[in-house]
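Accompanying notes for the structure given below.
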Amino acid sequence: MRKTVAVRLAAALLLVALAACGENKPAAQAPPPPTVTVAKPLKRTVVDHDEYVGRFVAINSVEVRAHVSGYLEQIHFQDGQMVKQGDLLFTIDKRPFQATLDQARANLAQAQANLSFAEADLKRGQQLVRDKTITEQTFDQRTQAMRAAQASVAANEALVRQAELDLGFTGLIAPVDGRIGDRRVSAGNLVTGGTAGNTTLLATIVSVDPIRVEFTVDEQALLRYERVFGGGKDLASRAAKTPVKLKLIDEQDFGHEGHIDFVDNAISSTSGTIRGRAVFPNPDVLFTPGMFARIQVPGSPPYEALVVPDSAIGSDQVRKFVYVVGPDNAVSQKYITLGQLVDRTLRVVKSGLTADDTIIVNGLMRVRPGVKVTPQEQGAAPPAGPPGPGAPQAKS
């Protein structure tokens with residue numbers, strides 16, 4: 001009995017001691033507010049741009065065909081090389097044309113001799129007819145003979161000029177600067193010349209610098225351009241010399257600059273689009289006819305807009321938002337309407353934001369609406385920690 005009482009007393013004392021220890025333990029402290037980097041939206045003068053897919057086309061594209069028929073004697077270029085206007089490309093056997101020219105010159109000399117005789121005979125006849133030595137009919141015959149001799153000389157002069165042209169056409173020269181394709185006919189073959197449709201195609205030349213890009217604009221965009229640029233003139237005259245930019249399929253930036261030089265005069269009834277054309281310099285021959293590219297066309301006059309870092313924009317299903325820090329350092333969410341990307345890192349905000357808002361630009365993954373934060377101005381914030389689980393994804 002005494003032993004049981006002693007055990008109970010010891011247990012009671014132990015409980016009292018444990019309770020006293022629990023009362024002296026400090027309470028757990030709440031975690032500090034997360035540190036985020038904040039900044040004000042920037043004001044920039046921007047121009048809205050529309051993007052279209054275009055295709056490069058050569059300004060000049062020429063099919064090299066022979067003017068005269070004959071056997072191809074020599075080829076003076078390498079397939080695919082750059083040629084200059086006036087470079088000799090092909091030579092056709094000249095001997096038949098030289099012989100024709102020699103004959104034409106001989107016929108001309110004979111006609112000129114006949115003309116000289118006819119002129120002298122007519123001159124003698126003028127005195128004889130005054131002296132009544134010859135009849136008027138004989139004098140008229142001499143006059144007619146001189147006129148026929150003059151016509152013969154003119155005809156033979158034309159034949160000489162034609163023979164000289166044909167002889168010159170045996171050497172085919174490049175009509176434009178550009179890159180020539182491969183030869184379509186080997187030396188030794190008979191080529192057909194002339195102006196008929198069955199002439200022999202020898203090669204093709206396309207100019208490369210400058211080069212054009214053709215693209216199509218839909219009817220809605222055309223109406224917007226009409227209203228933006230103002231009335232009074234047709235779109236083609238207003239759009240001429242409008243600066244545009246271009247990027248290739250493997251490039252990130254619109255780094256090539258050119259200008260619009262033509263807008264078509266009618267909308268296609270089948271596609272509902274109108275054709276536009278821009279010109280770009282191509283000194284390095286980077287652009288090739290037939291290549292695709294994306295072209296950037298200004299779609300508005302310059303205006304002042306708010307821009308924010310693209311990394312500060314989050315996505316909530318189909319809506320875009322930014323986190324805004326209020327005067328009490330509490331976070332709220334603002335849905336915004338986005339515009340184009342500027343300088344690859346800044347995004348234009350069309351609506352939903354004011355210049356006085358303070359947005360979070362770093363640390364989006366550590367905040368939620370209603371949470372209080374420790375804001376630091378951009379440039380003074382420590383590196384951001386890893387995102388928390390289940391945080392919304394920032395817009396890339």
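Lettering and numbering for the structure tokens are positional, with chains as A, B, ... in the shown order, residues counted from 1 in each chain, and ligands counted from 1 in the shown order.
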
Rows by chain and residue number, region 275-353 of chain A within 10 Å of region 199-209 of chain A, shortest pair, only C-alpha atoms, as a tab-separated table:
residue	atom	partner	partner_atom	distance
A:Val279	CA	A:Asp209	CA	9.6
A:Phe280	CA	A:Asp209	CA	8.1
A:Pro281	CA	A:Asp209	CA	5.9
A:Asn282	CA	A:Asp209	CA	4.7
A:Pro283	CA	A:Asp209	CA	5.9
A:Asp284	CA	A:Asp209	CA	8.5
A:Val285	CA	A:Val208	CA	6.4
A:Leu286	CA	A:Val208	CA	9.1
A:Phe287	CA	A:Val208	CA	7.6
A:Thr288	CA	A:Val208	CA	7.2
A:Pro289	CA	A:Val208	CA	7.8

Neighbour list for Gln112 (chain A) as a ChimeraX atom specification, cut-off 6 Å, only C-alpha atoms, skip fewer than 3 positions in-chain: /A:109,115,153

Write the selection just made, keeping C-alpha atoms, as an mmCIF file, in the first residue's frame?
data_model
loop_
_atom_site.group_PDB
_atom_site.id
_atom_site.type_symbol
_atom_site.label_atom_id
_atom_site.label_comp_id
_atom_site.auth_asym_id
_atom_site.auth_seq_id
_atom_site.Cartn_x
_atom_site.Cartn_y
_atom_site.Cartn_z
ATOM 1 C CA ALA A 109 29.091 47.711 -154.018
ATOM 2 C CA LEU A 115 23.821 54.199 -159.169
ATOM 3 C CA VAL A 153 21.487 50.780 -153.020
#

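When the distance limit is 9 Å and only C-alpha atoms are what count, the residues near Ala163 (chain A), minus those fewer than 3 positions from it on the same chain, are Phe97, Gln98, Thr100, Leu101, Asp102, Ala104, Ala158, Leu159, Val160, Asp166, Leu167 and Gly168 of chain A.
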
Using only C-alpha atoms, which protein or nucleic acid residues come within 7 Å of Lys320 (chain A)? Drop anything in the same chain fewer than 5 positions from it, and give the result as a ChimeraX atom specification. /A:313-315,335-336

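Our summary of the geometry notes that CA of Gly178 (chain A) is positioned 5.6 Å from CA of Val83 (chain A).
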
Within 9 Å of Ile249 (chain A), counting only C-alpha atoms, which residues show up once you throw out same-chain ones fewer than 4 positions away? Write them as a ChimeraX atom specification, please. /A:292-294

All residues 9 Å or closer to region 192-195 of chain A, only C-alpha atoms, same chain fewer than 5 positions away omitted, as a short mmCIF file (atom, residue, chain, number, x, y, z; two decimals) with C-alpha atoms, in the first residue's frame:
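And here's around_0.cif as it stands now:
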data_model
loop_
_atom_site.label_atom_id
_atom_site.label_comp_id
_atom_site.auth_asym_id
_atom_site.auth_seq_id
_atom_site.Cartn_x
_atom_site.Cartn_y
_atom_site.Cartn_z
CA ARG A 65 17.83 32.40 -126.30
CA ALA A 66 19.60 32.70 -129.65
CA HIS A 67 18.54 35.30 -132.21
CA VAL A 68 19.95 33.22 -135.06
CA SER A 69 20.11 29.50 -135.76
CA GLY A 70 23.42 27.70 -135.95
CA TYR A 71 25.80 25.31 -134.24
CA THR A 200 16.19 26.99 -128.03
CA LEU A 201 16.54 27.96 -124.35
#

Residue with smallest distance to Arg224 (chain A) - pool A:Ile360, A:Ile75, A:Thr37, A:Pro301, counting only C-alpha atoms: A:Pro301

Members of region 130-259 of chain A assigned helix (DSSP H, G or I) by DSSP, as number ranges by chain: A: 130, 136-168, 219-229, 235-239

Those residues with C-alpha atoms, as a short mmCIF file (atom, residue, chain, number, x, y, z; two decimals), in the first residue's frame please?
data_model
loop_
_atom_site.label_atom_id
_atom_site.label_comp_id
_atom_site.auth_asym_id
_atom_site.auth_seq_id
_atom_site.Cartn_x
_atom_site.Cartn_y
_atom_site.Cartn_z
CA ARG A 130 17.65 70.76 -173.93
CA GLU A 136 11.65 63.41 -173.52
CA GLN A 137 10.83 59.71 -173.29
CA THR A 138 14.51 58.76 -173.32
CA PHE A 139 15.24 61.30 -170.59
CA ASP A 140 12.41 59.91 -168.45
CA GLN A 141 13.84 56.43 -168.88
CA ARG A 142 17.22 57.62 -167.62
CA THR A 143 15.53 59.32 -164.64
CA GLN A 144 13.70 56.11 -163.81
CA ALA A 145 16.93 54.12 -164.08
CA MET A 146 18.62 56.41 -161.57
CA ARG A 147 15.73 56.08 -159.09
CA ALA A 148 15.82 52.28 -159.43
CA ALA A 149 19.57 52.36 -158.78
CA GLN A 150 19.00 54.48 -155.64
CA ALA A 151 16.40 52.00 -154.36
CA SER A 152 18.75 49.11 -155.06
CA VAL A 153 21.49 50.78 -153.02
CA ALA A 154 19.07 51.36 -150.09
CA ALA A 155 17.90 47.74 -150.20
CA ASN A 156 21.43 46.39 -150.25
CA GLU A 157 22.44 48.71 -147.40
CA ALA A 158 19.59 47.21 -145.36
CA LEU A 159 20.77 43.71 -146.23
CA VAL A 160 24.28 44.60 -145.05
CA ARG A 161 22.95 45.94 -141.77
CA GLN A 162 20.88 42.78 -141.26
CA ALA A 163 23.89 40.58 -142.03
CA GLU A 164 25.98 42.59 -139.56
CA LEU A 165 23.29 42.11 -136.90
CA ASP A 166 23.11 38.38 -137.55
CA LEU A 167 26.89 38.15 -137.28
CA GLY A 168 26.77 40.08 -134.00
CA GLU A 219 -8.99 43.07 -96.90
CA GLN A 220 -9.37 43.93 -93.21
CA ALA A 221 -5.73 44.98 -92.92
CA LEU A 222 -6.04 46.99 -96.14
CA LEU A 223 -8.98 48.95 -94.70
CA ARG A 224 -6.99 49.62 -91.54
CA TYR A 225 -4.06 50.94 -93.57
CA GLU A 226 -6.42 53.15 -95.56
CA ARG A 227 -7.75 54.75 -92.38
CA VAL A 228 -4.40 54.98 -90.63
CA PHE A 229 -2.51 56.65 -93.45
CA LEU A 235 -2.60 53.36 -101.08
CA ALA A 236 0.16 52.60 -103.58
CA SER A 237 1.46 56.19 -103.56
CA ARG A 238 1.19 56.42 -99.75
CA ALA A 239 2.88 53.09 -99.17
#

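Counting only C-alpha atoms and comparing A:Gly80, A:Gly86, A:Gly326, A:Pro243, the residue that lies closest to Ile295 (chain A) is A:Pro243.
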
Among listed residues A:Val185, A:Met365, A:Ala278, A:Val297, nearest Asp48 (chain A) (using only C-alpha atoms): A:Val297

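Nearest to Arg344 (chain A) of all the residues A:Gln378, A:Arg275, A:Ser269, A:Gln252 is A:Gln252, based on only C-alpha atoms.
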
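Restricting the calculation to only C-alpha atoms, the smallest distance between Gly54 (chain A) and any of A:Pro302, A:Gly352, A:Gly363, A:Gly290 is found for A:Gly290.
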